[in-house]
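The structure under discussion appears below in the form of structure tokens.
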Amino acid sequence: MPRAPVIVRTIKALDRAMARYRAAGETVALVPTMGALHAGHLALVRRAHRADRVVASIFVNPAQFAPTEDFASYPRTFEADIAALREAGVDLVWAPPREVMYPDGFVTSVGVKGPATVDLEDRFRPHFFGGVATVVAKLFAQCRPDFALFGEKDYQQLKTVTRMAADLDLKVKVIGVPTVREKDGLALSSRNVYLSGAERTVAPTLYRTLKESAARIAARQPIVRVMSEGWIAIEEAGFAVDYFEARHAESLRRVETVDDGPLRLLVAARLGKTRLIDNIAV
């Protein structure tokens with residue numbers, strides 16, 4: 001049976017553990033999480049085993065919740081998370097309490113632009129990426145990993161963190177891991193449990209429409225027409241669409257033709273009370 005990961009909750013304990021890894025000449029991969037782990041998170045852990053040591057963080061970050069979002073109700077399943085990380089072969093879990101991550105007097109934040117301000121998720125959660133960048137910058141400084149693993153499902157977040165790490169010379173290689181999906185294509189998400197039976201049947205429409213639209217654009221059909229027809233198809237399935245966009249895969253700027261660079265299609269839509277996001281490469 002895999003050995004239980006070491007659980008550390010203070011900076012001093014983390015520093016001691018990291019110093020032991022470095023003294024042994026071992027590389028470190030970090031998987032940042034907010035807990036409530038599912039198979040998508042564990043796919044990140046599997047990829048993290050490219051390093052000698054795998055560290056997972058569990059911290060529900062208040063800085064990325066708006067006042068209208070219920071930070072207190074975010075699912076916290078620490079014991080189950082530790083059991084899953086043990087099975088996945090994680091060496092260390094960094095689980096700081098809030099007062100360690102944001103001690104009294106903490107006033108600093110990371111400002112982000114570029115991929116974080118392109119009128120996608122930032123239009124609906126303008127606070128979000130600054131909160132993510134701040135906590136991830138702290139995690140990188142605390143753990144000093146060689147690699148950090150993030151899922152492609154949260155694509156704008158992945159591009160924002162990648163840009164931040166490069167801009168601030170944080171000396172960590174940010175690796176995007178492909179989205180883990182159910183057999184019918186629905187992207188794994190902790191939000192999927194909120195779908196009713198009928199909604200769960202409809203939910204794969206998002207991925208199906210992304211695939212069909214990407215194939216049409218790759219065949220050089222006009223982007224505007226393809227995306228407009230895809231938007232309509234998603235609405236007709238019962239979704240309220242927040243966005244359905246074709247963007248440059250790195251900068252996330254708007255594009256007009258398939259020749260404008262590598263393309264990514266991104267969607268966010270609400271089905272009943274559940275908001276789902278997904279994306280796919282062209």
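Chain labels run A, B, ... following the order of the structure tokens; each chain numbers its residues from 1, and ligands are numbered from 1 in the order shown.
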- request: Please provide as a PyMOL selection string all residues within 12 Å of A:Ile277, with the sequence filter that same-chain residues fewer than 4 positions apart are discarded (counting only C-alpha atoms).
  value: chain A and resi 120-121+152-156+179+186-192+203-207+210+239+241-245+265-271
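Considering the residues A:Val6, A:Leu14, A:Ala237, A:Val31 and counting only C-alpha atoms, A:Asp146 has its shortest atom-to-atom contact with A:Val31.
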Stretch 74-242 of chain A: residues DSSP assigns to strand (DSSP E or B), reported as a PyMOL selection string: chain A and resi 92-94+147-151+173-177+181+187+240-242
message: Quick check, in Å to one decimal: how far apart do atom CA of A:Glu199 and atom CA of A:Arg275 lie?
response: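 Calculated distance between atom CA of A:Glu199 and atom CA of A:Arg275 is 11.5 Å.
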field: Best match for closeness to A:Glu87 among A:Pro2, A:Gly176, A:Pro222, A:Pro145, counting only C-alpha atoms
entry: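 Residue with the minimum atom-to-atom distance to A:Glu87: A:Pro2.
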Residue neighbourhood stretch 66-77 of chain A, 8 Å, only C-alpha atoms, exclusion window fewer than 4 positions, as an MDAnalysis selection string: chainID A and resid 35:37 60 62 81 125 127:128
task: Quick one: everything within 10 Å of stretch 56-58 of chain A, counting only C-alpha atoms, minus sequence neighbours fewer than 2 positions away in the same chain. Send it as number ranges by chain.
output: A: 5, 7-8, 29-37, 41, 44-45, 48, 54, 60-61, 76, 78, 81-82, 85, 90-97, 139, 143, 148-149
task: Write out as a list in words the residues lying within 10 Å of A:Lys138, counting only C-alpha atoms and excluding same-chain residues fewer than 3 positions away.
output: Met101, Tyr102, Ser109, Val110, Val132, Ala133, Thr134, Val135, Ala141, Gln142, Cys143 and Arg144 of chain A
message: So that I can see what lies close to A:Ile217, please list as a PyMOL selection string the residues with an atom at most 8 Å from it, counting only C-alpha atoms and leaving out residues fewer than 3 positions away in the same chain.
response: chain A and resi 213-214+220-223+226+258+282
- prompt: If we count only C-alpha atoms, what is near A:Lys113 at a cut-off of 10 Å, once residues fewer than 6 positions away on the same chain are taken out, given as a PyMOL selection string?
  reply: chain A and resi 129-130+160+163-164
Selection file, C-alpha atoms, as a JSON list (two decimals), in the first residue's frame:
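Ended up saving to selection.json:
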[["chain", "number", "residue", "atom", "x", "y", "z"],
["A", 129, "PHE", "CA", -7.66, 35.86, -11.88],
["A", 130, "GLY", "CA", -6.02, 38.37, -9.56],
["A", 160, "THR", "CA", -2.75, 33.41, -17.01],
["A", 163, "ARG", "CA", 2.25, 34.14, -18.40],
["A", 164, "MET", "CA", 2.69, 35.19, -14.77]]
query: Could you work out how far atom CA of A:Ala281 lies from atom CA of A:Gly114, giving the answer in Å with one decimal?
result: 19.5 Å
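With distances restricted to only C-alpha atoms, A:Asn279 is the closest residue to A:Arg181 from A:Asn279, A:Ser196, A:Thr117, A:Ser228.
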